[in-house]
>>> print(open('protein.cif').read())   # mmCIF, C-alpha atoms
data_my_file
loop_
_atom_site.label_atom_id
_atom_site.label_comp_id
_atom_site.auth_asym_id
_atom_site.auth_seq_id
_atom_site.Cartn_x
_atom_site.Cartn_y
_atom_site.Cartn_z
CA MET X 1 112.35 76.85 94.06
CA MET X 2 109.61 74.91 95.79
CA GLY X 3 111.80 71.79 96.06
CA GLY X 4 114.39 73.75 98.03
CA ARG X 5 111.85 75.14 100.41
CA LEU X 6 110.23 71.79 101.06
CA ARG X 7 113.54 70.65 102.56
CA ILE X 8 112.84 73.13 105.35
CA TRP X 9 110.40 70.80 107.04
CA ALA X 10 108.89 70.58 110.52
CA LEU X 11 109.39 67.85 113.10
CA ILE X 12 105.75 67.01 113.61
CA ALA X 13 104.92 64.85 116.63
CA LEU X 14 101.47 63.47 117.34
CA LEU X 15 101.64 64.30 121.04
CA GLY X 16 99.33 65.99 123.54
CA LEU X 17 99.48 69.71 124.18
CA ALA X 18 100.24 69.18 127.86
CA GLY X 19 103.57 67.60 126.99
CA CYS X 20 104.95 70.47 124.96
CA THR X 21 106.97 72.33 127.58
CA GLY X 22 109.82 69.87 128.14
CA SER X 23 113.33 70.65 127.08
CA VAL X 24 113.79 67.40 125.10
CA ALA X 25 112.86 67.81 121.44
CA PRO X 26 110.11 65.40 120.36
CA PRO X 27 110.94 62.78 117.75
CA ALA X 28 109.85 63.16 114.16
CA ALA X 29 106.50 61.56 113.38
CA THR X 30 106.40 58.22 111.64
CA LEU X 31 103.11 58.08 109.76
CA THR X 32 101.58 54.59 109.66
CA SER X 33 98.27 53.05 108.69
CA THR X 34 97.37 52.63 112.36
CA PRO X 35 94.58 55.11 113.14
CA ARG X 36 95.16 57.65 115.86
CA PRO X 37 92.79 56.89 118.78
CA ASP X 38 89.89 59.28 119.07
CA PRO X 39 90.02 61.52 122.15
CA THR X 40 87.24 61.44 124.70
CA ALA X 41 84.42 63.72 123.59
CA LEU X 42 83.68 66.78 125.69
CA PRO X 43 80.37 66.74 127.58
CA THR X 44 77.40 68.58 126.09
CA PRO X 45 76.61 71.70 128.14
CA ASP X 46 73.34 72.29 129.92
CA GLY X 47 72.52 75.96 129.42
CA TRP X 48 75.30 78.55 129.16
CA THR X 49 78.57 78.97 131.07
CA LEU X 50 80.64 82.15 131.15
CA ALA X 51 84.28 81.78 130.10
CA SER X 52 86.47 82.39 133.15
CA ALA X 53 90.01 82.48 131.77
CA PRO X 54 91.86 82.81 128.46
CA LEU X 55 92.83 79.69 126.57
CA THR X 56 96.59 79.13 126.86
CA LEU X 57 98.90 76.12 126.60
CA GLU X 58 98.54 75.68 130.35
CA THR X 59 94.74 76.02 130.54
CA VAL X 60 93.65 74.33 127.29
CA PRO X 61 93.34 70.86 128.92
CA GLN X 62 90.38 72.39 130.83
CA LEU X 63 88.58 73.26 127.57
CA ARG X 64 84.84 72.59 127.69
CA GLU X 65 81.79 73.44 125.61
CA LEU X 66 80.21 76.54 127.17
CA GLY X 67 76.98 76.57 125.18
CA ARG X 68 75.37 76.77 121.76
CA LEU X 69 74.01 79.69 119.80
CA THR X 70 70.99 78.88 117.67
CA ALA X 71 68.72 80.73 115.27
CA PRO X 72 64.97 80.55 114.65
CA GLU X 73 63.61 77.87 112.33
CA PRO X 74 64.17 76.84 109.62
CA PRO X 75 67.73 75.54 110.26
CA SER X 76 70.26 77.35 108.09
CA THR X 77 74.03 77.85 107.80
CA VAL X 78 75.55 81.01 109.30
CA PHE X 79 77.58 81.80 106.18
CA ALA X 80 78.96 85.23 107.22
CA TYR X 81 79.89 86.58 110.63
CA ALA X 82 81.47 89.52 112.47
CA LEU X 83 82.76 90.00 116.00
CA SER X 84 82.59 93.31 117.85
CA LEU X 85 86.01 94.77 118.69
CA ASP X 86 85.55 93.89 122.38
CA ASN X 87 84.62 90.29 121.40
CA ALA X 88 81.40 90.56 123.40
CA LEU X 89 78.97 90.31 120.47
CA LEU X 90 78.70 87.97 117.49
CA ALA X 91 76.69 88.92 114.42
CA GLY X 92 75.85 86.54 111.60
CA LEU X 93 73.88 85.99 108.43
CA ASN X 94 72.03 82.82 107.48
CA ASN X 95 69.63 82.20 104.62
CA GLU X 96 66.79 84.04 106.35
CA PHE X 97 68.05 86.36 109.05
CA VAL X 98 70.47 88.92 110.45
CA LEU X 99 71.39 87.54 113.88
CA VAL X 100 73.20 88.98 116.91
CA TRP X 101 74.23 87.11 120.08
CA ASP X 102 75.82 88.16 123.37
CA LEU X 103 78.90 85.93 123.87
CA PHE X 104 78.97 86.59 127.63
CA THR X 105 75.42 85.39 128.31
CA GLY X 106 74.57 83.34 125.24
CA ASP X 107 71.46 85.47 124.69
CA GLN X 108 70.18 86.27 121.22
CA LEU X 109 69.86 90.05 121.12
CA PHE X 110 67.88 90.38 117.90
CA VAL X 111 66.73 88.71 114.71
CA ALA X 112 65.90 90.66 111.55
CA GLU X 113 65.19 89.78 107.93
CA ARG X 114 68.35 89.34 105.84
CA ARG X 115 67.00 91.24 102.81
CA GLY X 116 69.66 89.96 100.42
CA ALA X 117 72.68 90.83 102.56
CA ASN X 118 75.79 88.70 101.98
CA ALA X 119 78.30 90.48 104.25
CA ILE X 120 78.00 91.74 107.82
CA LEU X 121 80.28 94.13 109.72
CA PHE X 122 80.50 95.70 113.19
CA GLY X 123 80.99 99.41 113.61
CA PRO X 124 84.03 100.44 115.69
CA ASP X 125 81.78 101.72 118.47
CA ARG X 126 79.84 98.39 118.72
CA GLN X 127 76.62 100.39 118.53
CA GLN X 128 75.96 99.68 114.86
CA ILE X 129 76.03 96.74 112.47
CA TYR X 130 76.31 97.11 108.70
CA THR X 131 75.13 94.68 106.05
CA LEU X 132 76.11 94.73 102.39
CA SER X 133 74.24 93.12 99.48
CA ASP X 134 75.33 92.03 96.00
CA SER X 135 73.68 95.14 94.59
CA GLY X 136 75.79 97.41 96.81
CA GLU X 137 72.98 98.29 99.21
CA LEU X 138 74.21 99.12 102.71
CA ARG X 139 71.95 98.81 105.73
CA VAL X 140 72.82 100.24 109.12
CA TYR X 141 71.30 98.49 112.18
CA ASP X 142 71.18 99.39 115.82
CA ALA X 143 73.31 96.55 117.23
CA LEU X 144 71.28 96.09 120.41
CA ARG X 145 67.74 96.68 119.18
CA GLY X 146 67.87 95.37 115.64
CA SER X 147 66.13 98.35 114.08
CA VAL X 148 67.29 99.69 110.70
CA VAL X 149 68.85 103.11 111.29
CA GLU X 150 69.49 103.95 107.64
CA THR X 151 69.63 102.38 104.18
CA LEU X 152 72.39 103.60 101.88
CA GLY X 153 72.77 103.15 98.14
CA ALA X 154 76.47 102.56 98.06
CA PHE X 155 77.96 102.23 94.60
CA ASP X 156 76.26 101.83 91.23
CA GLN X 157 79.25 100.01 89.76
CA TYR X 158 79.91 97.74 92.78
CA ASN X 159 81.13 94.32 91.59
CA GLY X 160 81.14 92.34 94.85
CA VAL X 161 84.76 93.08 95.83
CA TRP X 162 85.07 94.79 99.23
CA ALA X 163 87.38 95.29 102.22
CA TYR X 164 86.68 96.65 105.70
CA ASP X 165 88.82 98.22 108.42
CA PRO X 166 86.97 97.55 111.71
CA LEU X 167 89.07 100.00 113.73
CA GLY X 168 88.47 103.04 111.55
CA GLY X 169 85.13 102.02 110.10
CA TRP X 170 86.44 102.34 106.53
CA LEU X 171 84.64 100.31 103.86
CA ALA X 172 86.10 100.01 100.34
CA LEU X 173 83.97 98.83 97.40
CA GLY X 174 85.40 97.78 94.04
CA SER X 175 83.90 98.11 90.58
CA ASP X 176 84.23 96.77 87.04
CA ASP X 177 85.32 100.18 85.70
CA GLY X 178 88.41 100.34 87.93
CA ALA X 179 87.09 102.81 90.50
CA VAL X 180 87.09 102.15 94.26
CA GLN X 181 84.63 103.91 96.53
CA VAL X 182 85.64 104.34 100.19
CA TRP X 183 82.99 104.94 102.85
CA ASP X 184 83.33 106.43 106.32
CA MET X 185 80.79 104.16 108.00
CA LEU X 186 80.87 105.96 111.34
CA GLU X 187 79.65 109.10 109.58
CA ARG X 188 77.70 107.02 107.02
CA ILE X 189 79.03 109.07 104.10
CA PRO X 190 81.23 108.26 101.07
CA LEU X 191 84.72 109.61 101.70
CA THR X 192 86.26 109.40 98.23
CA VAL X 193 86.37 107.57 94.90
CA LEU X 194 89.81 106.33 93.82
CA GLU X 195 90.07 106.38 90.04
CA SER X 196 92.38 104.23 87.94
CA ILE X 197 92.26 102.62 84.47
CA ASP X 198 89.07 101.03 83.18
CA VAL X 199 89.83 97.47 84.35
CA PRO X 200 87.77 95.50 86.92
CA VAL X 201 88.96 95.59 90.52
CA THR X 202 89.72 92.04 91.73
CA ALA X 203 90.91 92.46 95.34
CA LEU X 204 91.15 95.05 98.12
CA ALA X 205 92.92 95.13 101.49
CA PHE X 206 93.38 97.78 104.20
CA SER X 207 96.69 97.92 106.05
CA PRO X 208 96.43 96.90 109.73
CA ASP X 209 96.85 100.51 110.87
CA GLY X 210 94.06 101.67 108.53
CA ALA X 211 96.32 104.21 106.82
CA ALA X 212 96.66 102.55 103.41
CA LEU X 213 94.50 100.66 100.94
CA ALA X 214 95.91 98.11 98.50
CA THR X 215 93.98 97.46 95.28
CA SER X 216 94.49 95.03 92.41
CA ASP X 217 92.88 94.79 88.99
CA ARG X 218 92.35 92.09 86.38
CA ASN X 219 95.61 93.00 84.62
CA GLY X 220 97.58 92.24 87.78
CA THR X 221 98.42 95.84 88.68
CA LEU X 222 98.65 96.54 92.42
CA ARG X 223 98.30 100.08 93.71
CA PHE X 224 98.81 101.42 97.22
CA TRP X 225 96.72 104.41 98.22
CA ASP X 226 96.68 107.07 100.90
CA PHE X 227 92.92 106.81 100.53
CA GLN X 228 92.00 109.51 103.06
CA ASN X 229 93.79 112.05 100.87
CA GLY X 230 92.92 110.34 97.59
CA GLN X 231 96.59 109.94 96.62
CA GLN X 232 98.22 106.96 94.94
CA GLY X 233 101.59 105.76 96.18
CA VAL X 234 103.73 102.97 94.75
CA SER X 235 102.36 100.49 92.21
CA ALA X 236 103.49 97.17 90.74
CA ASP X 237 102.60 95.34 87.52
CA LEU X 238 102.55 91.58 88.07
CA LEU X 239 101.11 90.89 84.58
CA THR X 240 99.02 88.04 85.96
CA THR X 241 95.60 87.68 87.52
CA VAL X 242 95.26 88.48 91.23
CA SER X 243 92.36 86.95 93.13
CA LYS X 244 93.16 87.95 96.72
CA ILE X 245 95.54 90.16 98.68
CA VAL X 246 96.00 90.23 102.44
CA TYR X 247 98.31 92.20 104.74
CA ALA X 248 100.38 90.48 107.41
CA PRO X 249 99.26 91.60 110.90
CA SER X 250 102.49 93.61 111.28
CA GLY X 251 101.78 95.41 108.00
CA SER X 252 105.34 94.72 106.84
CA VAL X 253 104.40 92.49 103.90
CA LEU X 254 101.44 91.69 101.70
CA ALA X 255 100.54 88.18 100.50
CA ILE X 256 99.14 87.84 96.97
CA ASN X 257 97.24 84.90 95.50
CA SER X 258 98.00 85.20 91.79
CA GLY X 259 98.16 83.27 88.54
CA ASP X 260 101.91 82.95 89.15
CA GLY X 261 101.36 81.40 92.57
CA VAL X 262 101.46 82.79 96.11
CA LEU X 263 103.72 85.82 96.25
CA VAL X 264 104.91 88.15 99.02
CA MET X 265 105.32 91.87 98.37
CA ASP X 266 106.86 94.74 100.29
CA PRO X 267 104.08 97.38 100.28
CA ALA X 268 106.59 100.17 100.83
CA THR X 269 108.39 99.49 97.54
CA GLY X 270 106.00 97.32 95.51
CA ASN X 271 108.74 94.71 95.10
CA VAL X 272 108.02 90.97 95.25
CA VAL X 273 110.29 89.61 98.00
CA ALA X 274 109.33 85.92 98.08
CA SER X 275 107.43 83.24 96.19
CA LEU X 276 105.76 80.63 98.41
CA ALA X 277 104.04 78.48 95.79
CA GLU X 278 104.20 78.18 92.04
CA GLU X 279 100.45 77.73 91.67
CA PRO X 280 97.60 79.79 93.16
CA THR X 281 95.81 78.26 96.13
CA ASP X 282 92.12 77.46 95.80
CA GLY X 283 91.70 76.91 99.54
CA LEU X 284 92.79 78.65 102.71
CA PHE X 285 94.81 81.84 102.23
CA GLU X 286 95.14 83.94 105.37
CA PHE X 287 97.46 85.01 108.15
CA LEU X 288 97.18 83.21 111.46
CA GLY X 289 95.59 85.50 114.05
CA GLN X 290 98.08 88.19 115.00
CA ALA X 291 101.12 86.21 113.83
CA ASP X 292 102.99 86.95 110.61
CA LEU X 293 102.51 83.33 109.59
CA LEU X 294 100.64 82.56 106.38
CA VAL X 295 98.34 79.51 106.28
CA LEU X 296 97.66 77.70 103.01
CA GLY X 297 95.73 74.49 102.41
CA GLY X 298 92.57 73.02 101.00
CA GLU X 299 90.75 70.00 99.70
CA SER X 300 93.80 68.31 98.20
CA THR X 301 96.67 69.61 100.36
CA ASP X 302 97.30 69.60 104.10
CA LEU X 303 97.60 72.93 105.88
CA SER X 304 101.03 74.50 105.49
CA LEU X 305 102.50 77.36 107.52
CA TRP X 306 104.90 79.81 105.85
CA ASP X 307 107.28 82.52 106.97
CA PRO X 308 106.50 85.32 104.48
CA PHE X 309 109.73 87.19 105.15
CA THR X 310 112.09 84.35 104.23
CA GLY X 311 109.75 82.37 101.98
CA ALA X 312 110.48 79.30 104.14
CA LEU X 313 107.98 76.51 104.76
CA ALA X 314 107.69 76.33 108.55
CA ALA X 315 105.44 73.28 108.92
CA ILE X 316 102.94 70.97 107.27
CA LEU X 317 100.11 69.67 109.46
CA PRO X 318 99.28 66.10 108.39
CA GLY X 319 95.66 65.02 108.20
CA THR X 320 94.27 68.54 107.83
CA LYS X 321 93.20 68.56 104.18
CA GLY X 322 89.56 68.22 103.26
CA ASP X 323 86.40 69.96 102.26
CA ARG X 324 85.73 73.44 103.77
CA VAL X 325 89.13 73.79 105.46
CA SER X 326 89.50 76.59 107.99
CA ALA X 327 92.05 77.60 110.64
CA ALA X 328 92.16 79.92 113.64
CA GLY X 329 95.08 81.01 115.79
CA SER X 330 95.21 81.90 119.47
CA PRO X 331 95.99 85.58 120.16
CA GLN X 332 99.34 84.67 121.71
CA GLY X 333 100.33 82.75 118.58
CA GLU X 334 100.92 79.54 120.55
CA MET X 335 98.12 77.36 119.17
CA LEU X 336 96.31 76.70 115.92
CA LEU X 337 92.84 75.22 115.55
CA ALA X 338 92.28 73.50 112.20
CA SER X 339 89.05 72.12 110.80
CA SER X 340 87.62 70.49 107.74
CA ARG X 341 84.10 69.33 107.11
CA ALA X 342 84.69 66.07 108.98
CA SER X 343 87.31 66.80 111.66
CA THR X 344 88.74 69.40 114.04
CA SER X 345 92.23 69.36 115.55
CA LEU X 346 94.26 71.55 117.90
CA TRP X 347 98.00 72.15 117.42
CA ASN X 348 100.76 73.62 119.57
CA ILE X 349 102.88 75.86 117.32
CA SER X 350 104.77 77.71 120.07
CA ARG X 351 108.06 76.10 118.99
CA ILE X 352 107.49 76.29 115.25
CA SER X 353 110.64 78.38 114.81
CA ALA X 354 112.59 75.37 116.08
CA GLY X 355 110.80 73.11 113.60
CA THR X 356 108.41 71.53 116.10
CA VAL X 357 104.62 71.30 115.96
CA LEU X 358 102.60 69.20 118.41
CA ARG X 359 99.11 67.86 117.83
CA GLY X 360 96.82 67.89 120.85
CA SER X 361 94.24 65.37 121.98
CA ILE X 362 91.38 67.69 122.93
CA GLY X 363 87.99 66.16 122.06
CA LEU X 364 86.61 68.86 119.80
CA PRO X 365 83.56 67.93 117.73
CA SER X 366 83.79 66.13 114.42
CA ALA X 367 80.39 67.34 113.26
CA ASP X 368 79.70 68.95 109.88
CA VAL X 369 81.96 71.98 110.51
CA LEU X 370 81.86 75.09 108.34
CA ARG X 371 84.57 77.18 110.04
CA VAL X 372 86.40 77.77 113.31
CA VAL X 373 87.07 81.15 114.94
CA TRP X 374 89.26 82.09 117.93
CA THR X 375 88.16 85.31 119.63
CA ALA X 376 90.85 88.00 119.90
CA ASP X 377 90.53 88.12 123.71
CA GLY X 378 91.53 84.43 123.85
CA LEU X 379 88.46 83.46 125.85
CA GLN X 380 86.42 81.49 123.34
CA ILE X 381 86.59 79.19 120.34
CA LEU X 382 83.59 79.32 118.02
CA ILE X 383 82.75 76.32 115.85
CA PHE X 384 80.21 77.07 113.14
CA GLU X 385 78.30 73.98 112.07
CA ALA X 386 76.93 73.74 108.54
CA LEU X 387 73.42 73.08 109.84
CA GLY X 388 73.31 76.35 111.74
CA PRO X 389 74.33 76.14 115.42
CA VAL X 390 77.47 77.88 116.67
CA ARG X 391 79.16 75.87 119.40
CA VAL X 392 81.19 77.92 121.88
CA PHE X 393 84.17 76.49 123.80
CA GLY X 394 86.30 77.90 126.59
CA ILE X 395 87.44 77.51 130.20
CA PRO X 396 84.39 77.43 132.54
#
>>> encode(input="protein.cif", output="structure tokens")
Amino acid sequence: MMGGRLRIWALIALLGLAGCTGSVAPPAATLTSTPRPDPTALPTPDGWTLASAPLTLETVPQLRELGRLTAPEPPSTVFAYALSLDNALLAGLNNEFVLVWDLFTGDQLFVAERRGANAILFGPDRQQIYTLSDSGELRVYDALRGSVVETLGAFDQYNGVWAYDPLGGWLALGSDDGAVQVWDMLERIPLTVLESIDVPVTALAFSPDGAALATSDRNGTLRFWDFQNGQQGVSADLLTTVSKIVYAPSGSVLAINSGDGVLVMDPATGNVVASLAEEPTDGLFEFLGQADLLVLGGESTDLSLWDPFTGALAAILPGTKGDRVSAAGSPQGEMLLASSRASTSLWNISRISAGTVLRGSIGLPSADVLRVVWTADGLQILIFEALGPVRVFGIP
């Protein structure tokens, strides 16, 4: 099955983004041992510059570094982050602190002790931030002042598996006894406990509209819940381990990382409609921004882009494999930013349906990169460095 799909390959040209709008199709790339010349590095900013326009194919040649977000000493990796729904605030966790920055001014709004938190979330109203620890302890912070509003003991059986719907403020917590607790974080109260068989929960995912919750257990059973009413809908028995599930932005399909490979399921029927890989991925496994395009890749394989509806391989991006691979898509679905520990590259994917992907020549940093993030308003690219700083790029 995989051999057939790999024949659906992309014409990948190592060309600049500015040359992508012509009507002549670019030639297929011929990979040689000759190294691609490094682009000119962008200048280091002095202070902070406000982003003035969204990043598009037309404006991206004007990309510049707007500033850097830093934390108090000692230097430490920002290993978890959250953006407010209006993309104005960035919250993060490093080894020592809970951190919040204003992305319009570059100001650090507050610093607080981390207290064992390993996940951080923004409330839908932007007024509150939630942190979650391994023990299931929830802390609620005032997002602007940094004070702890309330500490909640979430779930005695919590096993570290969680999912969050930022629009509705729903937080789902899994357990080793098969139960899933759902919290209404705006009201700061548990809404319901969804009971199933006594098998550990392995993955959770809210639908994009916040109406449904998908759960999987160690036996490979997927269940779809109307969680607000505590009712189970369709279910499916895959009879294999499931490590992660994620909805496509449209909500039409669900991608599953399983012992039988990467599968695509119709959540309305519970039927598997496509198989994208015969082995599970141990690297990147996520949809690209707001596009129904699944991104896979990791330390040993270049990034690959898949159409989950047809099961077709849309493109492979050469030179993108490596340690700590990440990817971020522009809100319009025209560009993809890829990174590994040692390199960062920008790609034009606006003509991917025609089998064409263009690599740009923007001089993004090749520092020790942890992850890249593209804000949903299209104004900023965030590059998280392993040593702690967050570098912010945009159009000045």
>>> atom_distance(input="protein.cif", atom1="atom CA of Gly136 of chain X", atom2="atom CA of Leu167 of chain X")
21.7 Å
>>> atom_distance(input="protein.cif", atom1="atom CA of Phe393 of chain X", atom2="atom CA of Leu337 of chain X")
12.0 Å
>>> closest_residue(input="protein.cif", among="X:Leu69, X:Glu137, X:Gln127, X:Pro208", to="Ala163 of chain X", atoms="all atoms listed in the file")
X:Pro208
>>> residues_around(input="protein.cif", residues="segment 111-126 of chain X", least_positions_apart="4", cutoff="7 Å", atoms="only C-alpha atoms", output="PyMOL selection string")
chain X and resi 80-85+92-93+96-100+130-134+143+146+166-169+186
>>> write_last_selection(input="protein.cif", atoms="C-alpha atoms", output="PDB file, keeping the file's coordinate frame")
ATOM      1  CA  ALA X  80      78.960  85.230 107.220  1.00  0.00           C
ATOM      2  CA  TYR X  81      79.890  86.580 110.630  1.00  0.00           C
ATOM      3  CA  ALA X  82      81.470  89.520 112.470  1.00  0.00           C
ATOM      4  CA  LEU X  83      82.760  90.000 116.000  1.00  0.00           C
ATOM      5  CA  SER X  84      82.590  93.310 117.850  1.00  0.00           C
ATOM      6  CA  LEU X  85      86.010  94.770 118.690  1.00  0.00           C
ATOM      7  CA  GLY X  92      75.850  86.540 111.600  1.00  0.00           C
ATOM      8  CA  LEU X  93      73.880  85.990 108.430  1.00  0.00           C
ATOM      9  CA  GLU X  96      66.790  84.040 106.350  1.00  0.00           C
ATOM     10  CA  PHE X  97      68.050  86.360 109.050  1.00  0.00           C
ATOM     11  CA  VAL X  98      70.470  88.920 110.450  1.00  0.00           C
ATOM     12  CA  LEU X  99      71.390  87.540 113.880  1.00  0.00           C
ATOM     13  CA  VAL X 100      73.200  88.980 116.910  1.00  0.00           C
ATOM     14  CA  TYR X 130      76.310  97.110 108.700  1.00  0.00           C
ATOM     15  CA  THR X 131      75.130  94.680 106.050  1.00  0.00           C
ATOM     16  CA  LEU X 132      76.110  94.730 102.390  1.00  0.00           C
ATOM     17  CA  SER X 133      74.240  93.120  99.480  1.00  0.00           C
ATOM     18  CA  ASP X 134      75.330  92.030  96.000  1.00  0.00           C
ATOM     19  CA  ALA X 143      73.310  96.550 117.230  1.00  0.00           C
ATOM     20  CA  GLY X 146      67.870  95.370 115.640  1.00  0.00           C
ATOM     21  CA  PRO X 166      86.970  97.550 111.710  1.00  0.00           C
ATOM     22  CA  LEU X 167      89.070 100.000 113.730  1.00  0.00           C
ATOM     23  CA  GLY X 168      88.470 103.040 111.550  1.00  0.00           C
ATOM     24  CA  GLY X 169      85.130 102.020 110.100  1.00  0.00           C
ATOM     25  CA  LEU X 186      80.870 105.960 111.340  1.00  0.00           C
TER      26      LEU X 186
END
>>> atom_distance(input="protein.cif", atom1="atom CA of Thr202 of chain X", atom2="atom CA of Leu171 of chain X")
15.5 Å
